[in-house]
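Here's the structure we're looking at; comments come further down.
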2 protein chains.
Amino acid sequence: MTDFAKHFQKKSWIEVAEDSDFSLQNIPFGIIKNKNFAPRVASRIGDYAIDLLTLFEFGYLDKLGFNKDQFDNNRLNKLMKSGKNGSRILRERLIDLFEISNEELQKNHGHREKVLIPINEVENEMPIQIGDYTDFYSSIEHATNVGTMFRDPNNALLPNWKYIPVGYHGRASSIILSGTPIHRPKGQQKPNEEEPPVFGPSKLLDFELEMAFITFDGKPLGDSISTAEAEDYIFGMVIFNDWSARDIQKWEYVPLGPFLAKNFASSISPWIVTLDALEPFRTAGPKQDPKVFPYLEYQGDKNIDIKLSVELQAENGEPNVICESNYKYMYWNQNQQLAHHTINGCNIKGGDIYASGTISGSEPSSYGSMLELSWRGTKPLKLKDGSERKFIQDHDTITMKAHCEKDGVRVGFGEVTSKVLPAK
Amino acid sequence: MTDFAKHFQKKSWIEVAEDSDFSLQNIPFGIIKNKNFAPRVASRIGDYAIDLLTLFEFGYLDKLGFNKDQFDNNRLNKLMKSGKNGSRILRERLIDLFEISNEELQKNHGHREKVLIPINEVENEMPIQIGDYTDFYSSIEHATNVGTMFRDPNNALLPNWKYIPVGYHGRASSIILSGTPIHRPKGQQKPNEEEPPVFGPSKLLDFELEMAFITFDGKPLGDSISTAEAEDYIFGMVIFNDWSARDIQKWEYVPLGPFLAKNFASSISPWIVTLDALEPFRTAGPKQDPKVFPYLEYQGDKNIDIKLSVELQAENGEPNVICESNYKYMYWNQNQQLAHHTINGCNIKGGDIYASGTISGSEPSSYGSMLELSWRGTKPLKLKDGSERKFIQDHDTITMKAHCEKDGVRVGFGEVTSKVLPAK
């Protein structure tokens with residue numbers, strides 16, 4: 001059993017601001033590039049990117065079982081072939097190397113200058129080549145809100161919801177990196193029940209505040225992953241904005257689920273925070289009643305206390321925090337999601353991404369979508385500039401942030417931010 | 001405008017049986033391997049695989065713009081980077097090279113022996129690294145049958161069905177090659193409306209007779225592909241068995257669509273038949289009423305006359321043809337499917353696969369699933385050995401075949417066959 005909090009007392013010889021998401025206790029993984037070098041694997045501490053390819057070439061990662069190609073790469077997938085043990089060994093080595101008492105790199109100023117790059121001098125790329133993408137629907141508050149609005153408030157949850165971590169397959173090709181703007185999607189809508197459908201730009205564009213986990217290669221097709229095994233197959237997490245066009249969704253989704261309403265874009269944050277870095281922030285999940293099937297039972301605390309926020313910024317305006325939620329509200333946890341996904345023998349692969357579904361809490365200020373925040377447009381949000389929002393307007397920027405904090409240690413994800421451009 | 005029927009009079013110097021799917025007019029692409037060589041790109045004529053890597057190394061494919069890596073590969077994706085024009089040039093060259101009047105290879109017996117390998121001496125591999133997988137629902141007879149059984153016979157089609165080529169995202173990781181057995185999936189079911197759900201092996205395992213097309217790289221995220229442009233982005237087609245667990249599906253699919261009921265396995269045939277080879281078999285589709293939105297309008301004949309059959313073979317039994325259908329019955333054609341899929345800006349990539357949905361005709365003998373053939377289990381099928389089938393039993397083998405035939409020319413897909421093993 002790894003003691004994941006053992007690093008809590010440690011400080012780095014790299015200065016880290018108190019409110020930085022990228023403490024010595026984090027050590028996330030991502031891809032960086034700039035005009036001087038090709039994309040490569042990196043980590044981050046404070047306001048510095050750590051060039052892991054150069055660190056490897058200087059010999060600081062010797063004897064850990066890695067090869068150069070795993071760092072000299074524009075995606076993390078090859079590094080992830082080393083599995084849970086590989087990413088754990090690498091992160092532990094980096095924590096050790098950057099800890100204040102370690103002088104190996106600290107005293108080698110020639111090497112330091114090459115390995116540590118100010119974060120504003122690099123750009124991120126997509127961290128992984130995504131295989132399959134699944135979106136769950138695991139927040140009971142969100143599912144209840146949607147059911148209340150569109151069906152019967154007294155029977156808001158569908159009969160299967162408390163038995164099944166409901167999920168569906170989404171589009172991997174249109175998952176994009178934070179910073180990439182999106183265009184408002186066009187599509188069929190049926191605003192008037194009595195009239196035929198119409199075609200045009202979506203009028204009800206929305207975000208969904210989600211977190212997502214990324215897997216290592218799993219078992220062969222036909223085998224299942226238990227709740228106890230699930231963490232061995234989870235690399236880490238990112239913030240996930242599941243853009244949604246509510247009017248397109250309403251007209252298309254019966255009977256086979258959301259399609260064009262979702263697959264025009266989903267945005268992710270650039271740094272993958274490992275599950276190991278998140279372990280100290282585990283917390284108990286809600287009581288599940290009725291009792292779940294044995295394959296969904298689990299031991300220990302499997303929710304994670306990750307504070308979440310959403311900001312909406314109009315063109316030339318200032319940011320408005322419009323939602324504050326928490327990943328700990330999830331009814332179904334990651335272990336249950338992965339056990340359910342594979343109970344039929346479905347195989348998972350390295351680079352697959354599994355999003356949580358919209359994460360809403362019980363307070364209206366914690367609702368994770370405009371649909372819920374404006375209660376289907378009936379309660380417009382007032383912004384600081386005096387304007388109102390029922391849904392997202394052209395030129396609005398949506399920024400989601402996520403971090404854990406405990407005993408003075410902060411481990412966070414940075415942000416995922418995207419601007420909405422008019423329909424093409 | 002290419003005259004796709006110009007090859008109809010040609011014969012090959014390789015003997016091709018009259019009932020072979022792999023005439024000189026076909027020239028499909030796939031991956032072969034055996035104990036003597038690593039997986040590589042191949043084509044097929046009659047009962048011979050054509051080793052395209054060796055053909056390239058001998059210089060027969062010089063000056064066509066290809067490089068060795070495109071053939072020395074265990075998937076077709078790199079070859080497909082040459083796009084529609086590349087695959088067209090390659091196929092035309094092969095038709096020319098194997099045409100009876102061409103003596104280049106025909107007279108070089110040393111080269112012939114290396115390039116042509118009896119088909120029973122090779123195994124196929126998965127032809128492509130699949131990116132995203134989408135499943136449509138485009139047969140009006142199938143959608144009507146399902147609606148009649150589960151909803152209201154007088155309003156069998158849902159209101160959106162004739163406006164939208166309904167589709168949903170499926171699981172790419174569990175798409176497997178013909179010949180690979182599958183295990184009966186386990187999962188939650190709710191056989192009794194008044195009782196809680198139960199867990200166990202699916203009792204209502206089914207096949208779905210589908211065809212699927214495979215795309216080249218498309219346009220950037222945010223752009224759309226018109227019905228007129230669609231064929232420039234379609235490489236070719238395979239037979240697709242969309243295995244389905246009806247009892248799992250019924251309990252899980254509201255509101256987000258099928259998930260575990262489908263993602264345990266889908267099986268494809270090994271040879272990708274190019275759209276060029278299928279062009280001579282185009283035929284008119286059904287009249288679409290109401291009129292479709294402008295982005296779904298199309299010119300010319302866009303359906304394809306592909307004869308389809310399904311055989312069920314019990315352990316130690318003989319094959320029973322249980323369904324004869326045709327791809328020409330599709331209400332929505334490929335061009336419309338791709339135009340719809342991208343109208344919101346969703347991007348497509350090389351190696352994506354797009355399945356048609358179950359292909360049923362109007363006659364009960366043409367229904368493309370056990371659900372419809374046995375009418376939800378109320379009309380069991382009688383097999384030659386005297387046994388009955390409502391759904392698929394353990395140790396049954398399902399084989400789907402598909403071919404076009406016209407003016408004495410046959411172009412086909414071979415088969416996709418898979419045996420069902422008991423639940424693990």
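Every chain in the structure tokens has a letter given in the order shown (A, B, ...), and although residue numbers restart at 1 in each chain, ligands are simply numbered from 1 in the order shown.
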
Go through chain A residue by residue and, counting only C-alpha atoms, keep those with an atom at most 6 Å from chain B; for each kept residue give the shortest atom pair and its distance in Å to one decimal, ordered by chain and increasing number, as JSON lines.
```
{"residue": "A:Tyr168", "atom": "CA", "partner": "B:Phe259", "partner_atom": "CA", "distance": 5.6}
{"residue": "A:His169", "atom": "CA", "partner": "B:His169", "partner_atom": "CA", "distance": 5.2}
{"residue": "A:Gly170", "atom": "CA", "partner": "B:His169", "partner_atom": "CA", "distance": 5.6}
{"residue": "A:Pro185", "atom": "CA", "partner": "B:Asn344", "partner_atom": "CA", "distance": 4.6}
{"residue": "A:Lys186", "atom": "CA", "partner": "B:Asn344", "partner_atom": "CA", "distance": 4.8}
{"residue": "A:Gly187", "atom": "CA", "partner": "B:Asn344", "partner_atom": "CA", "distance": 6.0}
{"residue": "A:Leu256", "atom": "CA", "partner": "B:Gly257", "partner_atom": "CA", "distance": 4.1}
{"residue": "A:Gly257", "atom": "CA", "partner": "B:Leu256", "partner_atom": "CA", "distance": 4.1}
{"residue": "A:Phe259", "atom": "CA", "partner": "B:Tyr168", "partner_atom": "CA", "distance": 5.6}
{"residue": "A:Asn263", "atom": "CA", "partner": "B:Cys346", "partner_atom": "CA", "distance": 6.0}
{"residue": "A:Phe264", "atom": "CA", "partner": "B:Cys346", "partner_atom": "CA", "distance": 4.5}
{"residue": "A:Asn344", "atom": "CA", "partner": "B:Pro185", "partner_atom": "CA", "distance": 4.6}
{"residue": "A:Gly345", "atom": "CA", "partner": "B:Phe264", "partner_atom": "CA", "distance": 5.6}
{"residue": "A:Cys346", "atom": "CA", "partner": "B:Phe264", "partner_atom": "CA", "distance": 4.6}
```

Those selected residues, please, written with all heavy atoms and delivered as a tab-separated table (two decimals), in the first residue's frame.
```tsv
chain	number	residue	atom	x	y	z
A	168	TYR	N	-22.65	6.61	-22.32
A	168	TYR	CA	-22.82	6.41	-23.76
A	168	TYR	C	-21.50	6.77	-24.43
A	168	TYR	O	-20.64	7.43	-23.85
A	168	TYR	CB	-23.97	7.28	-24.30
A	168	TYR	CG	-23.72	8.76	-24.22
A	168	TYR	CD1	-23.40	9.50	-25.36
A	168	TYR	CD2	-23.74	9.42	-23.00
A	168	TYR	CE1	-23.14	10.86	-25.28
A	168	TYR	CE2	-23.48	10.77	-22.91
A	168	TYR	CZ	-23.18	11.49	-24.06
A	168	TYR	OH	-22.89	12.83	-23.96
A	169	HIS	N	-21.36	6.32	-25.66
A	169	HIS	CA	-20.14	6.58	-26.41
A	169	HIS	C	-20.21	7.95	-27.07
A	169	HIS	O	-21.25	8.33	-27.61
A	169	HIS	CB	-19.92	5.51	-27.47
A	169	HIS	CG	-19.73	4.15	-26.88
A	169	HIS	ND1	-18.67	3.86	-26.07
A	169	HIS	CD2	-20.48	3.02	-26.93
A	169	HIS	CE1	-18.75	2.60	-25.67
A	169	HIS	NE2	-19.85	2.07	-26.16
A	170	GLY	N	-19.09	8.68	-27.03
A	170	GLY	CA	-19.01	9.98	-27.68
A	170	GLY	C	-17.96	9.97	-28.78
A	170	GLY	O	-17.36	8.94	-29.10
A	185	PRO	N	-22.33	25.29	-33.47
A	185	PRO	CA	-22.75	24.28	-34.45
A	185	PRO	C	-24.09	24.60	-35.08
A	185	PRO	O	-24.94	25.25	-34.46
A	185	PRO	CB	-22.86	23.01	-33.59
A	185	PRO	CG	-23.23	23.52	-32.24
A	185	PRO	CD	-22.49	24.83	-32.07
A	186	LYS	N	-24.23	24.13	-36.32
A	186	LYS	CA	-25.53	24.20	-37.00
A	186	LYS	C	-26.20	22.83	-36.93
A	186	LYS	O	-25.53	21.81	-36.81
A	186	LYS	CB	-25.33	24.56	-38.47
A	186	LYS	CG	-24.80	25.95	-38.70
A	186	LYS	CD	-24.50	26.20	-40.17
A	186	LYS	CE	-23.30	25.39	-40.64
A	186	LYS	NZ	-22.83	25.75	-41.98
A	187	GLY	N	-27.51	22.83	-37.06
A	187	GLY	CA	-28.20	21.55	-37.05
A	187	GLY	C	-29.70	21.71	-37.04
A	187	GLY	O	-30.23	22.83	-37.01
A	256	LEU	N	-31.69	6.94	-29.77
A	256	LEU	CA	-30.33	6.39	-29.69
A	256	LEU	C	-29.32	7.27	-28.97
A	256	LEU	O	-28.15	6.97	-28.93
A	256	LEU	CB	-29.83	6.01	-31.09
A	256	LEU	CG	-30.68	4.92	-31.78
A	256	LEU	CD1	-30.12	4.58	-33.15
A	256	LEU	CD2	-30.75	3.65	-30.93
A	257	GLY	N	-29.80	8.37	-28.38
A	257	GLY	CA	-28.92	9.19	-27.56
A	257	GLY	C	-28.37	10.40	-28.29
A	257	GLY	O	-28.61	10.60	-29.47
A	259	PHE	N	-25.97	12.97	-30.27
A	259	PHE	CA	-25.07	12.70	-31.41
A	259	PHE	C	-24.47	14.04	-31.88
A	259	PHE	O	-23.46	14.49	-31.36
A	259	PHE	CB	-25.87	11.97	-32.49
A	259	PHE	CG	-25.08	11.49	-33.67
A	259	PHE	CD1	-23.93	10.74	-33.49
A	259	PHE	CD2	-25.49	11.76	-34.97
A	259	PHE	CE1	-23.19	10.29	-34.59
A	259	PHE	CE2	-24.77	11.31	-36.07
A	259	PHE	CZ	-23.62	10.58	-35.87
A	263	ASN	N	-21.06	16.12	-30.60
A	263	ASN	CA	-19.80	15.72	-31.24
A	263	ASN	C	-19.12	16.82	-32.04
A	263	ASN	O	-18.15	16.55	-32.76
A	263	ASN	CB	-20.00	14.44	-32.07
A	263	ASN	CG	-20.90	14.65	-33.28
A	263	ASN	OD1	-21.18	15.79	-33.66
A	263	ASN	ND2	-21.33	13.57	-33.89
A	264	PHE	N	-19.58	18.05	-31.94
A	264	PHE	CA	-18.90	19.15	-32.63
A	264	PHE	C	-17.64	19.58	-31.89
A	264	PHE	O	-16.72	20.13	-32.49
A	264	PHE	CB	-19.85	20.34	-32.86
A	264	PHE	CG	-20.43	20.90	-31.59
A	264	PHE	CD1	-19.83	21.96	-30.95
A	264	PHE	CD2	-21.59	20.35	-31.04
A	264	PHE	CE1	-20.36	22.48	-29.78
A	264	PHE	CE2	-22.13	20.85	-29.87
A	264	PHE	CZ	-21.51	21.92	-29.23
A	344	ASN	N	-19.33	-6.50	-19.39
A	344	ASN	CA	-19.76	-7.29	-20.56
A	344	ASN	C	-18.58	-7.76	-21.40
A	344	ASN	O	-18.78	-8.32	-22.47
A	344	ASN	CB	-20.72	-6.47	-21.42
A	344	ASN	CG	-20.04	-5.28	-22.08
A	344	ASN	OD1	-18.94	-4.89	-21.68
A	344	ASN	ND2	-20.68	-4.70	-23.08
A	345	GLY	N	-17.36	-7.50	-20.93
A	345	GLY	CA	-16.18	-7.91	-21.68
A	345	GLY	C	-15.61	-6.83	-22.58
A	345	GLY	O	-14.62	-7.07	-23.28
A	346	CYS	N	-16.21	-5.65	-22.58
A	346	CYS	CA	-15.69	-4.55	-23.41
A	346	CYS	C	-14.25	-4.25	-22.99
A	346	CYS	O	-13.95	-4.16	-21.81
A	346	CYS	CB	-16.56	-3.31	-23.26
A	346	CYS	SG	-16.02	-1.91	-24.28
```

- DSSP helix (DSSP H, G or I) residues within segment 242-384 of chain A, listed as number ranges by chain: A: 246-252, 275-281, 294-296, 327-329, 334-342, 364-366, 370-373

- Message: To test your reading of the structure, identify every residue in segment 147-276 of chain A that backbone DSSP assigns to strand (DSSP E or B), and report it as a PyMOL selection string.
- Response: chain A and resi 167-170+175-177+182-183+186-189+198-201+205-206+208-215+234-241+244-245+266-268+272-274

- Message: Please compute the atom CA of Glu311 of chain A-atom CA of Glu324 of chain A distance, one decimal, in Å.
- Response: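 Answer for the atom CA of Glu311 of chain A to atom CA of Glu324 of chain A separation: 9.3 Å.
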
- Task: Tell me which protein, DNA and RNA residues are within 12 Å of Leu76 of chain A, counting only C-alpha atoms, leaving out same-chain ones fewer than 3 positions away, and put them as JSON, numbers by chain.
- Result: {"A": [28, 29, 30, 31, 32, 39, 40, 41, 42, 43, 52, 53, 69, 70, 71, 72, 73, 79, 80, 81, 82, 83, 87, 125, 126, 127, 128, 129, 130, 214, 215, 216, 235, 236, 270, 271, 272, 350, 351, 352]}

- Query: Restricting the calculation to only C-alpha atoms, which member of A:Asp247, A:Glu103, A:Asp96, A:Glu315 is positioned closest to Asp385 of chain A?
  - Reply: A:Glu315

- To one decimal place, how far is atom CA of Ile322 of chain A from atom CA of Arg44 of chain A in Å?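 Atom CA of Arg44 of chain A lies 28.4 Å from atom CA of Ile322 of chain A.
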
- Item | Among the residues A:Glu92, A:Glu363, A:Glu279, A:Glu18, the one that comes closest to Ser325 of chain A [using only C-alpha atoms] |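 The closest residue to Ser325 of chain A is A:Glu363.
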
- Message: Taking 4 positions as the minimum chain separation for residues in the same chain, which residues sit within 12 Å of Phe207 of chain A when counting only C-alpha atoms? Answer as a VMD selection string.
- Response: chain A and resid 182 184 240 to 246 261 to 262 265 to 267 310 to 312 322 to 323 357 to 359 367 to 373 390 to 393 396 to 400 416 to 420

- Note on the structure: Atom pair atom CA of Ser23 of chain A + atom CA of Glu210 of chain A, distance 22.8 Å
